[in-house]
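Student: A single structure is presented below for examination.
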Amino acid sequence: MATVELKNLRKTYLTEEIIKGISLSIEDREFVVFVGPSGCGKSTLLRMIAGLEDITSGDLLIDGQRVNDVEPGKRGLAMVFQSYALYPHMDVYKNMEFGLKLAGMPEAERREKIEHVARTLQLEPYLHHKPGQLSGGQRQRVAIGRAIVRNPKVFLFDEPLSNLDAALRGQMRVELSALHRKLGATTIYVTHDQVEAMTMADKIVVLQKGVVEQIGSPLELYHHPRNLFVARFIGSPPMNFFPAIFQGGDTTGSAVQLRDGSTLYVPVTSPGLLPGTKVTVGIRPEHVELAASGPNSGVVEVIERLGAITLVHVRMPDGQIIVVQMDGAVLTDVDTRVSLTLPPGNCHLFAPDGVAFEACHRHPLAA
Amino acid sequence: MAVKTKTSTRIGVTILGWGIAVWLFFPIFWMFLTSFKNEIQAISTPPKLFFMPTLSSYAEVFERASYWHFTLNTVIVSVGATAIAIALAVPAAYSMAFLPSSRTRSTLLWMLSTRMLPPVGVLVPIYLLARNTHLLDTCTGLAIVDMLTNLPIIVWMLYTFFREVPAPILEAGRMDGASRWQEMTMVLLPLALPGIASTALLSLILCWNEAFWSLNLTSSHAAPLTAFIASFSSPEGLFFGKLSAASTLAVAPILVFGWISQKQLVRGLTFGAVK
């Protein structure tokens, strides 16, 4: 259906640069998620693609055509807003009809399309209800219906689920994924929720302060974060970090010394790094192992028992809290002393500037 | 104890409210009463509250001046000025509310500041402008001046109403392919209609009661109801009976109109303030 290409896109408000040169290529039928903390520019970037914000410099191409100066309604896009933004004075049918009417589609064709979409989204009983009479989930469906009915080249979603309660959000997430598979339309989705990003995306774009931190598949970001920011942002609970001193390395791995004096041989390459440099070791909570005694010991401060998993918060001698995620129930109790084992194969190593060192072996699912 | 205090406060507030209402309404009530007195009763001391009502003042007023001529002028000027003002203010308020620039705020303040100047300060230039453009004593001329005087307030009110409309709804319209004009007429106006209606109502009332420019820019042909009242005030000394009858006739239509639409008006005037 459509490809979208961003070439060094920039946006300046007054004197402040919000988007600092973003280049990105979105393939046909791809589901791309922009994710990042609030204020990172993800919504602005989406609005620039939509045409609701001017592009200060750079090129935006849809299907190879430069559309920087094309009106929003003529770019062949449809957008679902966080607040739904339904027309409150029109019923559901008219909400979906508005765009088609403006496009000059004949009445019979409009009716057929709207009825088809209403069937897909189970909106038939509400066609003549005003938005004010609908629940949050139903309004969300109408907003999606209004986008689908126009048969756009690209769907844009701006945090569409953040106004829904947790249960409904989970359900809509699955529905949206299914819908995307069914329609096969190129989709750009903005969220600050990494669960949405991980579960729905073909490709995730992590943004921070108007800059792309990393682009990749969900598992690529998870297993091979390119820097400390992505490592911290993707994954919940977030990755644990230990300060360490680099001792030396070769093509099969790098040796680092942790605070307690133990040495870890991490399978990452560290070309050009001088021994004695301060580095950071990162490891995800589910990869840390607990032992009754040994090096790297700390005191259990909090235990969160979630049933299927248990999160053990351990306070280390330097005051830092390390989170360990265990399967099932764990017998450990609060205030007991435990020792942490860090399997080197699951460790990440970050240079002083926060950039990750290349792993010797790629994760099989994150090629 | 707490409940008791609350009750007494409520009674106090009620009495105060009624007091203010009576105080504000008294002149209108007295004018209405006086209009049914003969000239002797109208100036008697002590003032008479109970008397034999008569329609003689009304009869004389109707005999001396063409009430309908004045009313028609007022209607033409008020409706005309309001319609043009709304038509100009909607796009202005739209651009200020949805496409603000760094100077929008100061532009709004500047517009309002024109209302702070006493009208008499520009009497001579406006009079000369009207004379040179042959708009003296015409409904068109008076309507233009009324429209311009009220425009700042109308833009301000519409601006506040438009600000209440969530911008994403208009953006959704734009994504749906609406032009700026369609966005304004098909999405914004239906949503802001209650606000526009109460703004128009206020403008209508202001124009209806406007006296300064009416008296200075019109004489006979385009004279509105305010001039009709004024014509009973001076020439042969004050005749309070006839003056009251004329005043009652002049304010009655807008009073009734305002009464009918008070719900709309109150909603409009408190809109935004309560949110």
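Residues are named by chain letter and number: chains run A, B, ... in the order of the structure tokens, numbers start at 1 in each chain, and ligands are numbered from 1 in the order shown.
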Which neighbours of Val302 of chain A fall inside 12 Å, counting only C-alpha atoms, when residues of the same chain fewer than 2 positions from it are skipped, and could you give them as number ranges by chain?
Tutor: A: 299-300, 304-305, 310-315, 321-324, 332-336
Student: Write out as an mmCIF file with C-alpha atoms, in the first residue's frame which residues come within 12 Å of Thr185 of chain B when counting only C-alpha atoms, dropping same-chain ones fewer than 5 positions away.
Tutor:
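After the write, out.cif holds the following:
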data_model
loop_
_atom_site.group_PDB
_atom_site.id
_atom_site.type_symbol
_atom_site.label_atom_id
_atom_site.label_comp_id
_atom_site.auth_asym_id
_atom_site.auth_seq_id
_atom_site.Cartn_x
_atom_site.Cartn_y
_atom_site.Cartn_z
ATOM 1 C CA ALA B 87 -19.317 37.584 10.516
ATOM 2 C CA VAL B 90 -15.704 34.520 13.807
ATOM 3 C CA PRO B 91 -12.673 34.298 11.502
ATOM 4 C CA TYR B 94 -10.760 31.452 14.998
ATOM 5 C CA LEU B 170 -10.665 20.526 14.366
ATOM 6 C CA GLY B 173 -11.591 17.601 10.475
ATOM 7 C CA ALA B 178 -11.745 19.699 5.395
ATOM 8 C CA SER B 179 -10.440 23.045 4.173
ATOM 9 C CA ARG B 180 -10.037 25.874 6.686
ATOM 10 C CA PRO B 190 -21.932 23.868 15.269
ATOM 11 C CA LEU B 191 -19.856 23.234 18.395
ATOM 12 C CA ALA B 192 -19.583 26.876 19.367
ATOM 13 C CA LEU B 193 -23.171 27.743 18.456
#
Student: Could you check the closest approach to chain B for each of A:Tyr126, A:Phe357, A:Tyr189, A:Phe155 and tell me which residue wins, using only C-alpha atoms?
Tutor: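 That would be A:Phe155, the residue with the smallest distance to chain B.
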Student: Define the interface residues of chain A facing chain B as those within 7 Å, counting only C-alpha atoms, and report them as a list in words.
Tutor: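 Contact residues on the first chain: Pro72, Gly73, Lys74, Ala78, Met79, Ala85, Leu86, Tyr87, His89, Gly99 and Leu102 of chain A.
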Student: Compile the contact shell of Ser101 of chain B as a ChimeraX atom specification: residues with an atom at most 12 Å away, counting only C-alpha atoms, same-chain residues fewer than 6 positions apart removed.
Tutor: /A:13-14 /B:95,107-108
Student: Give me the residues near Gly41 of chain A as a list in words, where near means some atom within 10 Å (using only C-alpha atoms) and where sequence neighbours in that chain fewer than 6 positions away do not count.
Tutor: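 Residues meeting the cut-off are Lys11, Ile18, Ile19, Lys20, Phe34, Val35, Arg47, Leu207, Gln208, Lys209, Gly210, Val211 and Val212 of chain A.
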